[in-house]
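Text of my_file.txt (compact mmCIF, C-alpha atoms) as supplied:
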# COMPACT_ATOMS: atom_id res chain seq x y z
CA MET A 1 -2.07 51.17 -16.56
CA LEU A 2 -2.46 47.54 -15.53
CA GLU A 3 -2.65 46.45 -19.19
CA LEU A 4 0.51 48.41 -19.99
CA PHE A 5 2.29 46.67 -17.11
CA GLY A 6 1.11 43.30 -18.45
CA ILE A 7 2.39 44.02 -21.96
CA LEU A 8 5.72 45.26 -20.59
CA SER A 9 6.21 42.22 -18.38
CA VAL A 10 5.40 39.78 -21.23
CA SER A 11 7.80 41.68 -23.50
CA ALA A 12 10.54 41.68 -20.84
CA LEU A 13 10.20 37.93 -20.26
CA ALA A 14 10.20 37.29 -24.02
CA LEU A 15 13.35 39.42 -24.34
CA VAL A 16 15.13 37.47 -21.59
CA ALA A 17 14.08 34.23 -23.31
CA PHE A 18 15.17 35.58 -26.72
CA VAL A 19 18.69 36.15 -25.33
CA TRP A 20 19.11 33.03 -23.16
CA GLY A 21 16.76 30.51 -24.76
CA PRO A 22 18.75 29.76 -27.95
CA GLN A 23 21.95 29.21 -25.91
CA ARG A 24 20.21 26.62 -23.76
CA THR A 25 18.68 24.98 -26.86
CA ARG A 26 22.08 24.73 -28.58
CA ALA A 27 23.68 23.32 -25.44
CA HIS A 28 20.95 20.71 -25.14
CA ALA A 29 21.17 19.75 -28.83
CA ALA A 30 24.95 19.30 -28.48
CA SER A 31 24.47 17.21 -25.35
CA LEU A 32 21.92 15.01 -27.14
CA ALA A 33 24.24 14.43 -30.11
CA ARG A 34 27.19 13.55 -27.86
CA ARG A 35 25.21 11.14 -25.68
CA GLU A 36 23.43 9.54 -28.64
CA GLN A 37 26.80 8.71 -30.15
CA ALA A 38 28.09 7.30 -26.86
CA LEU A 39 25.00 5.10 -26.41
CA ALA A 40 24.61 3.96 -30.02
CA GLY A 41 25.52 0.41 -28.97
CA ILE A 42 22.33 -0.04 -26.95
CA PHE A 43 19.77 -1.80 -29.16
CA ILE A 44 16.31 -0.24 -28.99
CA THR A 45 13.00 -1.20 -30.54
CA ASN A 46 9.31 -0.61 -30.01
CA SER A 47 8.40 -4.17 -30.99
CA ARG A 48 7.21 -6.58 -28.30
CA ARG A 49 9.78 -9.22 -29.12
CA PHE A 50 13.04 -9.92 -27.32
CA ASP A 51 15.24 -10.16 -30.42
CA GLY A 52 18.41 -12.13 -29.68
CA ALA A 53 17.67 -12.31 -25.97
CA VAL A 54 19.95 -14.31 -23.71
CA VAL A 55 18.82 -15.40 -20.31
CA HIS A 56 21.19 -13.92 -17.81
CA PRO A 57 21.23 -15.72 -14.46
CA ASP A 58 21.84 -12.54 -12.45
CA ALA A 59 19.54 -10.12 -14.21
CA ALA A 60 16.06 -10.84 -15.51
CA PRO A 61 14.47 -8.33 -17.90
CA ARG A 62 13.42 -5.19 -16.10
CA LEU A 63 10.98 -2.35 -16.66
CA LEU A 64 12.62 1.07 -16.94
CA ASN A 65 10.77 4.37 -16.73
CA VAL A 66 11.54 7.98 -17.52
CA GLU A 67 9.48 11.07 -16.77
CA LEU A 68 10.23 14.45 -18.27
CA VAL A 69 8.64 17.87 -17.97
CA TRP A 70 10.06 20.50 -20.27
CA GLY A 71 9.33 24.19 -20.55
CA VAL A 72 9.12 26.04 -23.86
CA ASP A 73 10.86 29.39 -23.38
CA ARG A 74 8.71 32.53 -23.24
CA PHE A 75 9.91 33.85 -26.59
CA GLN A 76 9.06 30.62 -28.40
CA ALA A 77 5.76 30.50 -26.52
CA LEU A 78 4.98 34.03 -27.74
CA VAL A 79 5.90 33.06 -31.33
CA ALA A 80 3.69 29.96 -31.03
CA SER A 81 0.75 32.01 -29.76
CA ILE A 82 1.09 34.38 -32.74
CA LEU A 83 1.40 31.48 -35.23
CA ASN A 84 -1.62 29.92 -33.58
CA LEU A 85 -3.74 32.80 -34.85
CA PHE A 86 -2.97 31.83 -38.45
CA GLY A 87 -2.96 28.04 -38.05
CA GLY A 88 -0.47 25.64 -39.59
CA GLU A 89 2.53 23.89 -38.11
CA LEU A 90 4.04 25.26 -34.92
CA ASP A 91 7.53 24.32 -36.03
CA ASN A 92 9.31 25.72 -32.98
CA VAL A 93 7.16 23.69 -30.58
CA SER A 94 7.50 20.57 -32.78
CA GLN A 95 11.29 20.89 -32.45
CA VAL A 96 11.05 21.11 -28.65
CA MET A 97 8.85 18.00 -28.53
CA LEU A 98 11.31 16.09 -30.71
CA ARG A 99 14.18 17.07 -28.42
CA VAL A 100 12.22 16.02 -25.34
CA ARG A 101 11.51 12.61 -26.88
CA ARG A 102 15.18 12.19 -27.81
CA GLU A 103 16.08 13.08 -24.21
CA ALA A 104 13.59 10.51 -22.89
CA ILE A 105 15.06 7.77 -25.11
CA LEU A 106 18.58 8.69 -24.03
CA ARG A 107 17.66 8.50 -20.36
CA LEU A 108 16.16 5.06 -20.92
CA LYS A 109 19.40 4.00 -22.61
CA GLU A 110 21.49 5.51 -19.81
CA GLN A 111 19.46 3.60 -17.21
CA ALA A 112 19.85 0.40 -19.22
CA GLN A 113 23.62 0.82 -19.46
CA LYS A 114 23.90 1.70 -15.76
CA ASN A 115 22.07 -1.53 -14.86
CA GLY A 116 24.19 -3.67 -17.17
CA TYR A 117 21.69 -4.20 -20.01
CA ASN A 118 22.44 -3.75 -23.70
CA ALA A 119 18.94 -3.73 -25.25
CA LEU A 120 15.53 -2.15 -24.81
CA THR A 121 12.30 -3.48 -26.20
CA ASN A 122 8.68 -2.34 -26.30
CA VAL A 123 9.57 1.33 -25.95
CA ARG A 124 6.53 3.45 -25.23
CA ILE A 125 6.55 7.25 -25.11
CA ALA A 126 3.35 9.07 -24.25
CA PRO A 127 2.36 12.60 -23.29
CA ALA A 128 1.56 13.05 -19.61
CA ASP A 129 -1.12 15.10 -17.95
CA ILE A 130 0.34 17.05 -15.04
CA GLY A 131 -2.60 19.24 -14.16
CA THR A 132 -1.46 22.25 -16.17
CA ASP A 133 -3.63 25.30 -15.67
CA PRO A 134 -4.91 26.35 -19.13
CA GLN A 135 -5.24 29.92 -17.84
CA LYS A 136 -1.47 30.22 -17.51
CA GLN A 137 0.64 31.23 -20.47
CA ASN A 138 3.45 28.74 -19.79
CA LEU A 139 3.96 26.15 -22.52
CA THR A 140 5.11 22.86 -21.02
CA VAL A 141 5.68 19.43 -22.51
CA ALA A 142 5.34 16.40 -20.23
CA MET A 143 6.27 12.87 -21.31
CA VAL A 144 6.39 9.45 -19.71
CA ALA A 145 8.47 6.74 -21.35
CA SER A 146 8.88 3.08 -20.51
CA ALA A 147 10.69 0.08 -21.96
CA THR A 148 11.84 -3.36 -20.93
CA ALA A 149 15.61 -3.75 -20.65
CA TYR A 150 17.19 -7.12 -21.43
CA HIS A 151 20.44 -8.81 -22.39
CA ARG A 152 20.98 -9.32 -26.09
CA ALA A 153 23.48 -11.79 -27.53
CA LYS A 154 26.61 -10.09 -28.80
CA ASP A 155 26.57 -11.88 -32.16
CA THR A 156 23.19 -10.32 -32.94
CA LEU A 157 24.38 -6.80 -32.16
CA ARG A 158 24.83 -4.39 -35.01
CA MET B 1 9.51 -9.47 -8.56
CA ILE B 2 10.00 -9.35 -12.33
CA VAL B 3 8.22 -6.34 -13.84
CA VAL B 4 8.12 -5.82 -17.61
CA ASN B 5 5.93 -4.03 -20.14
CA THR B 6 6.01 -6.98 -22.53
CA GLU B 7 3.64 -9.96 -22.57
CA THR B 8 6.36 -12.54 -22.01
CA VAL B 9 9.61 -12.82 -20.09
CA PRO B 10 12.51 -14.45 -21.95
CA GLY B 11 13.84 -17.47 -20.10
CA TYR B 12 10.66 -17.84 -18.09
CA ARG B 13 7.34 -19.58 -18.60
CA ILE B 14 4.06 -18.20 -17.26
CA VAL B 15 2.36 -20.95 -15.25
CA ARG B 16 -0.43 -18.97 -13.63
CA ALA B 17 -2.20 -15.66 -14.23
CA PHE B 18 -3.75 -13.82 -11.28
CA GLY B 19 -5.33 -11.04 -13.30
CA LEU B 20 -5.13 -7.27 -13.30
CA VAL B 21 -3.25 -5.45 -10.56
CA GLN B 22 -3.21 -1.71 -10.24
CA GLY B 23 -2.00 1.24 -8.25
CA ASN B 24 -2.61 4.94 -8.44
CA THR B 25 -1.88 8.25 -6.79
CA VAL B 26 -3.27 11.74 -7.19
CA ARG B 27 -0.74 14.46 -6.48
CA ALA B 28 -0.93 18.21 -6.44
CA ARG B 29 1.83 20.63 -7.26
CA ASN B 30 2.75 23.08 -4.53
CA VAL B 31 3.36 26.81 -4.58
CA GLY B 32 7.12 26.46 -4.10
CA ARG B 33 7.49 24.06 -7.02
CA ASP B 34 5.24 26.24 -9.18
CA PHE B 35 7.35 29.30 -8.42
CA LEU B 36 10.67 27.64 -9.27
CA ALA B 37 9.25 26.00 -12.39
CA GLY B 38 7.77 29.35 -13.45
CA LEU B 39 11.20 30.99 -13.25
CA LYS B 40 12.86 28.19 -15.22
CA ASN B 41 10.11 28.27 -17.79
CA ILE B 42 11.13 31.80 -18.84
CA VAL B 43 14.22 30.49 -20.63
CA GLY B 44 12.93 26.97 -21.29
CA GLY B 45 14.51 23.62 -20.49
CA GLU B 46 13.73 20.84 -18.07
CA LEU B 47 11.41 21.72 -15.20
CA SER B 48 13.04 19.30 -12.78
CA GLU B 49 10.56 20.12 -9.98
CA TYR B 50 7.72 18.72 -12.08
CA THR B 51 9.84 15.85 -13.42
CA GLU B 52 10.58 14.78 -9.83
CA LEU B 53 6.91 15.05 -8.96
CA LEU B 54 6.01 12.74 -11.86
CA THR B 55 8.76 10.30 -10.85
CA GLU B 56 7.57 10.22 -7.23
CA SER B 57 4.00 9.63 -8.43
CA ARG B 58 5.07 6.80 -10.71
CA GLU B 59 7.12 5.17 -7.95
CA GLN B 60 4.20 5.32 -5.52
CA ALA B 61 1.66 4.00 -8.02
CA THR B 62 4.08 1.19 -8.97
CA ALA B 63 4.69 0.32 -5.31
CA ARG B 64 0.92 -0.03 -4.78
CA MET B 65 0.61 -2.23 -7.86
CA LEU B 66 3.51 -4.42 -6.64
CA HIS B 67 1.92 -4.71 -3.19
CA GLU B 68 -1.30 -5.97 -4.75
CA ALA B 69 0.61 -8.49 -6.87
CA ARG B 70 2.55 -9.80 -3.85
CA GLN B 71 -0.67 -10.26 -1.90
CA LEU B 72 -1.95 -12.45 -4.71
CA GLY B 73 1.20 -14.59 -4.60
CA ALA B 74 2.56 -13.43 -7.95
CA ASN B 75 6.28 -13.23 -8.67
CA ALA B 76 6.02 -11.16 -11.86
CA ILE B 77 3.88 -8.48 -13.49
CA VAL B 78 3.69 -8.40 -17.28
CA ASN B 79 2.31 -5.87 -19.73
CA VAL B 80 2.65 -2.95 -17.33
CA ARG B 81 1.17 0.34 -18.53
CA TYR B 82 0.98 3.85 -17.11
CA SER B 83 -1.51 6.59 -17.73
CA THR B 84 -2.04 10.09 -16.40
CA SER B 85 -5.07 12.31 -16.15
CA THR B 86 -5.76 15.76 -14.79
CA VAL B 87 -8.33 15.72 -11.98
CA ALA B 88 -8.19 19.45 -11.22
CA ALA B 89 -6.07 22.47 -12.13
CA GLY B 90 -2.73 21.71 -10.47
CA ALA B 91 -3.49 18.08 -9.61
CA ALA B 92 -3.13 14.91 -11.67
CA GLU B 93 -3.51 11.18 -11.28
CA LEU B 94 -0.87 8.65 -12.25
CA TYR B 95 -2.24 5.14 -12.72
CA ALA B 96 -0.15 1.98 -13.09
CA TYR B 97 -1.59 -1.36 -14.12
CA GLY B 98 -0.45 -4.75 -15.33
CA THR B 99 -1.14 -8.47 -15.19
CA ALA B 100 0.13 -10.37 -12.16
CA VAL B 101 1.52 -13.80 -13.02
CA GLN B 102 3.61 -16.60 -11.64
CA VAL B 103 6.65 -17.46 -13.74
CA VAL B 104 9.12 -20.33 -13.55
CA PRO B 105 12.47 -20.62 -15.34
CA GLU B 106 12.27 -22.54 -18.61
CA ASP B 107 14.05 -25.86 -18.68

Structure translated into structure tokens:
Amino acid sequence: MLELFGILSVSALALVAFVWGPQRTRAHAASLARREQALAGIFITNSRRFDGAVVHPDAAPRLLNVELVWGVDRFQALVASILNLFGGELDNVSQVMLRVRREAILRLKEQAQKNGYNALTNVRIAPADIGTDPQKQNLTVAMVASATAYHRAKDTLR
Amino acid sequence: MIVVNTETVPGYRIVRAFGLVQGNTVRARNVGRDFLAGLKNIVGGELSEYTELLTESREQATARMLHEARQLGANAIVNVRYSTSTVAAGAAELYAYGTAVQVVPED
């Protein structure tokens, strides 16, 4: 009886996610595309150099940070657990991770713009450990991103 | 205090290095946050309760690192890095570290 309840609850959650999950994914993808276009003017690199840097008297370079924790919906988590039995690429989870990284980069750019900077250097994006309980079935992606924001000369901008 | 994750600061020259400074915090999630995040996780998307927790942890670890640097007389920290590690189910450490230096504007 208890097992039946477990199967039913997992199926119900997966069904809810199947209906609502794709809508949220599409909305997020559209938001990413719109914001990426709006922030295309912010130069970004993972090199350690300050290409074209100008020393601004009012604003020295500054470290910016972004943290993100993202949940993979229950339907995609169920698909991933089934695919996991056979091995190979978990394409649906890969796509979520790519979107989370794009979101992290955008938030860095948004912070840079808000603080009057036009360039980011030494971008670092790494997975974060948030003490997830491996016993739980939730699939979560946690990232921390950092970069140094600076002023770049206009004649070196793309 | 100038804080960057690069080894140099444009427009400034490093005249003295004080060495490694660091700060950390170990934080646990709470039942309320777990419950809300669990509901959001059904349909996917950002789990803002956990994002905020990570941000608070990073801010506290950074503040401790800055305090150590100020005590040494530094006015900048270069090459700042962050790392996280799980210390128990539901609890994780966030560690911030960098090199405290004294910088002066270049002529």

Between chain B and chain A, at 8 Å or less, what are the per-residue closest atom pairs and their distances in Å? Count all atoms listed in the file, order by chain and rising residue number, and return it as CSV.
residue,atom,partner,partner_atom,distance
B:Ile2,CA,A:Arg62,CA,6.6
B:Val3,CA,A:Leu63,CA,5.6
B:Val4,CA,A:Leu63,CA,4.6
B:Asn5,CA,A:Thr148,CA,6.0
B:Thr6,CA,A:Arg48,CA,5.9
B:Glu7,CA,A:Arg48,CA,7.5
B:Val9,CA,A:Pro61,CA,7.0
B:Pro10,CA,A:Val55,CA,6.6
B:Gly11,CA,A:Val55,CA,5.4
B:Ala28,CA,A:Gly131,CA,8.0
B:Gly38,CA,A:Asn138,CA,7.7
B:Lys40,CA,A:Gly71,CA,7.5
B:Asn41,CA,A:Gly71,CA,5.0
B:Ile42,CA,A:Arg74,CA,5.1
B:Val43,CA,A:Asp73,CA,4.5
B:Gly44,CA,A:Asp73,CA,3.8
B:Gly45,CA,A:Gly71,CA,5.2
B:Glu46,CA,A:Trp70,CA,4.3
B:Leu47,CA,A:Trp70,CA,5.4
B:Ser48,CA,A:Val69,CA,7.0
B:Tyr50,CA,A:Val69,CA,6.0
B:Thr51,CA,A:Leu68,CA,5.1
B:Glu52,CA,A:Glu67,CA,7.9
B:Leu54,CA,A:Glu67,CA,6.2
B:Thr55,CA,A:Glu67,CA,6.0
B:Ser83,CA,A:Ala128,CA,7.4
B:Thr84,CA,A:Asp129,CA,5.3
B:Ser85,CA,A:Asp129,CA,5.2
B:Thr86,CA,A:Gly131,CA,4.7
B:Val87,CA,A:Gly131,CA,7.1
B:Ala88,CA,A:Gly131,CA,6.3
B:Ala89,CA,A:Asp133,CA,5.1
B:Gly90,CA,A:Gly131,CA,4.4
B:Ala91,CA,A:Gly131,CA,4.8
B:Ala92,CA,A:Gly131,CA,5.0
B:Glu93,CA,A:Ile130,CA,8.0

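In terms of minimum interatomic distance to A:Ser81, A:Val93 ranks closest within A:Glu3, A:Arg152, A:Val93, A:Ile42, counting only C-alpha atoms.
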
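Between atom CA of A:Ala153 and atom CA of B:Arg13 there is a distance of 20.0 Å.
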
Counting all atoms listed in the file, closest pick from B:Gly98, B:Val15, B:Leu36, B:Val31 relative to B:Glu68 is B:Gly98

Of the candidates B:Ile77, B:Met65, B:Ile14, B:Leu72, which shows the shortest atom-to-atom distance to B:Ala100, using all atoms listed in the file?
B:Ile77

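Atom CA of A:Arg107 to atom CA of B:Ala96 spans 20.3 Å [interatomic distance, one decimal].
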
Requested file, stretch 32-44 of chain B restricted to all heavy atoms, as a PDB file, in the first residue's frame:
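What ended up in out-v2.pdb:
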ATOM      1  N   GLY B  32      12.005  25.359   6.893  1.00  0.00           N
ATOM      2  CA  GLY B  32      11.145  26.242   6.109  1.00  0.00           C
ATOM      3  C   GLY B  32      11.662  26.427   4.691  1.00  0.00           C
ATOM      4  O   GLY B  32      10.914  26.318   3.713  1.00  0.00           O
ATOM      5  N   ARG B  33      12.980  26.689   4.597  1.00  0.00           N
ATOM      6  CA  ARG B  33      13.588  26.868   3.271  1.00  0.00           C
ATOM      7  C   ARG B  33      13.501  25.579   2.458  1.00  0.00           C
ATOM      8  O   ARG B  33      13.227  25.605   1.268  1.00  0.00           O
ATOM      9  CB  ARG B  33      15.053  27.279   3.415  1.00  0.00           C
ATOM     10  CG  ARG B  33      15.224  28.767   3.617  1.00  0.00           C
ATOM     11  CD  ARG B  33      16.681  29.117   3.732  1.00  0.00           C
ATOM     12  NE  ARG B  33      16.872  30.537   3.456  1.00  0.00           N
ATOM     13  CZ  ARG B  33      17.784  31.285   4.035  1.00  0.00           C
ATOM     14  NH1 ARG B  33      18.600  30.775   4.921  1.00  0.00           N
ATOM     15  NH2 ARG B  33      17.908  32.556   3.736  1.00  0.00           N
ATOM     16  N   ASP B  34      13.749  24.446   3.130  1.00  0.00           N
ATOM     17  CA  ASP B  34      13.684  23.152   2.446  1.00  0.00           C
ATOM     18  C   ASP B  34      12.292  22.902   1.877  1.00  0.00           C
ATOM     19  O   ASP B  34      12.141  22.401   0.764  1.00  0.00           O
ATOM     20  CB  ASP B  34      14.035  22.021   3.424  1.00  0.00           C
ATOM     21  CG  ASP B  34      15.525  21.736   3.435  1.00  0.00           C
ATOM     22  OD1 ASP B  34      16.245  22.314   2.600  1.00  0.00           O
ATOM     23  OD2 ASP B  34      15.969  20.946   4.283  1.00  0.00           O
ATOM     24  N   PHE B  35      11.277  23.268   2.677  1.00  0.00           N
ATOM     25  CA  PHE B  35       9.895  23.025   2.256  1.00  0.00           C
ATOM     26  C   PHE B  35       9.568  23.850   1.012  1.00  0.00           C
ATOM     27  O   PHE B  35       9.051  23.327   0.019  1.00  0.00           O
ATOM     28  CB  PHE B  35       8.938  23.368   3.411  1.00  0.00           C
ATOM     29  CG  PHE B  35       7.492  23.169   3.063  1.00  0.00           C
ATOM     30  CD1 PHE B  35       6.967  21.879   2.916  1.00  0.00           C
ATOM     31  CD2 PHE B  35       6.652  24.255   2.859  1.00  0.00           C
ATOM     32  CE1 PHE B  35       5.632  21.692   2.576  1.00  0.00           C
ATOM     33  CE2 PHE B  35       5.320  24.078   2.519  1.00  0.00           C
ATOM     34  CZ  PHE B  35       4.808  22.790   2.384  1.00  0.00           C
ATOM     35  N   LEU B  36       9.872  25.154   1.071  1.00  0.00           N
ATOM     36  CA  LEU B  36       9.575  26.032  -0.072  1.00  0.00           C
ATOM     37  C   LEU B  36      10.352  25.607  -1.320  1.00  0.00           C
ATOM     38  O   LEU B  36       9.805  25.553  -2.420  1.00  0.00           O
ATOM     39  CB  LEU B  36       9.925  27.480   0.278  1.00  0.00           C
ATOM     40  CG  LEU B  36       8.927  28.208   1.177  1.00  0.00           C
ATOM     41  CD1 LEU B  36       9.475  29.567   1.590  1.00  0.00           C
ATOM     42  CD2 LEU B  36       7.593  28.381   0.467  1.00  0.00           C
ATOM     43  N   ALA B  37      11.635  25.292  -1.110  1.00  0.00           N
ATOM     44  CA  ALA B  37      12.465  24.872  -2.247  1.00  0.00           C
ATOM     45  C   ALA B  37      11.942  23.561  -2.830  1.00  0.00           C
ATOM     46  O   ALA B  37      11.949  23.365  -4.051  1.00  0.00           O
ATOM     47  CB  ALA B  37      13.915  24.721  -1.805  1.00  0.00           C
ATOM     48  N   GLY B  38      11.470  22.670  -1.949  1.00  0.00           N
ATOM     49  CA  GLY B  38      10.924  21.387  -2.409  1.00  0.00           C
ATOM     50  C   GLY B  38       9.707  21.583  -3.298  1.00  0.00           C
ATOM     51  O   GLY B  38       9.546  20.909  -4.317  1.00  0.00           O
ATOM     52  N   LEU B  39       8.853  22.550  -2.919  1.00  0.00           N
ATOM     53  CA  LEU B  39       7.666  22.834  -3.745  1.00  0.00           C
ATOM     54  C   LEU B  39       8.067  23.400  -5.099  1.00  0.00           C
ATOM     55  O   LEU B  39       7.554  22.993  -6.134  1.00  0.00           O
ATOM     56  CB  LEU B  39       6.756  23.834  -3.023  1.00  0.00           C
ATOM     57  CG  LEU B  39       5.967  23.308  -1.820  1.00  0.00           C
ATOM     58  CD1 LEU B  39       5.137  24.434  -1.208  1.00  0.00           C
ATOM     59  CD2 LEU B  39       5.062  22.155  -2.219  1.00  0.00           C
ATOM     60  N   LYS B  40       9.021  24.353  -5.084  1.00  0.00           N
ATOM     61  CA  LYS B  40       9.462  24.967  -6.347  1.00  0.00           C
ATOM     62  C   LYS B  40      10.144  23.950  -7.247  1.00  0.00           C
ATOM     63  O   LYS B  40      10.077  24.041  -8.469  1.00  0.00           O
ATOM     64  CB  LYS B  40      10.423  26.123  -6.067  1.00  0.00           C
ATOM     65  CG  LYS B  40       9.741  27.370  -5.564  1.00  0.00           C
ATOM     66  CD  LYS B  40      10.770  28.470  -5.439  1.00  0.00           C
ATOM     67  CE  LYS B  40      10.128  29.735  -4.890  1.00  0.00           C
ATOM     68  NZ  LYS B  40      11.145  30.775  -4.650  1.00  0.00           N
ATOM     69  N   ASN B  41      10.822  23.013  -6.607  1.00  0.00           N
ATOM     70  CA  ASN B  41      11.598  22.032  -7.372  1.00  0.00           C
ATOM     71  C   ASN B  41      10.709  21.118  -8.216  1.00  0.00           C
ATOM     72  O   ASN B  41      11.177  20.494  -9.161  1.00  0.00           O
ATOM     73  CB  ASN B  41      12.446  21.191  -6.408  1.00  0.00           C
ATOM     74  CG  ASN B  41      13.753  20.764  -7.043  1.00  0.00           C
ATOM     75  OD1 ASN B  41      14.068  21.174  -8.146  1.00  0.00           O
ATOM     76  ND2 ASN B  41      14.498  19.935  -6.358  1.00  0.00           N
ATOM     77  N   ILE B  42       9.425  21.049  -7.883  1.00  0.00           N
ATOM     78  CA  ILE B  42       8.518  20.180  -8.656  1.00  0.00           C
ATOM     79  C   ILE B  42       8.487  20.621 -10.119  1.00  0.00           C
ATOM     80  O   ILE B  42       8.571  19.806 -11.032  1.00  0.00           O
ATOM     81  CB  ILE B  42       7.094  20.213  -8.052  1.00  0.00           C
ATOM     82  CG1 ILE B  42       7.114  19.592  -6.662  1.00  0.00           C
ATOM     83  CG2 ILE B  42       6.104  19.468  -8.971  1.00  0.00           C
ATOM     84  CD1 ILE B  42       5.841  19.794  -5.877  1.00  0.00           C
ATOM     85  N   VAL B  43       8.379  21.952 -10.329  1.00  0.00           N
ATOM     86  CA  VAL B  43       8.285  22.450 -11.707  1.00  0.00           C
ATOM     87  C   VAL B  43       9.602  23.036 -12.217  1.00  0.00           C
ATOM     88  O   VAL B  43       9.679  23.546 -13.325  1.00  0.00           O
ATOM     89  CB  VAL B  43       7.153  23.501 -11.850  1.00  0.00           C
ATOM     90  CG1 VAL B  43       5.801  22.839 -11.707  1.00  0.00           C
ATOM     91  CG2 VAL B  43       7.314  24.615 -10.852  1.00  0.00           C
ATOM     92  N   GLY B  44      10.643  22.985 -11.381  1.00  0.00           N
ATOM     93  CA  GLY B  44      11.956  23.468 -11.811  1.00  0.00           C
ATOM     94  C   GLY B  44      12.074  24.977 -11.729  1.00  0.00           C
ATOM     95  O   GLY B  44      11.114  25.674 -11.402  1.00  0.00           O
TER      96      GLY B  44
END
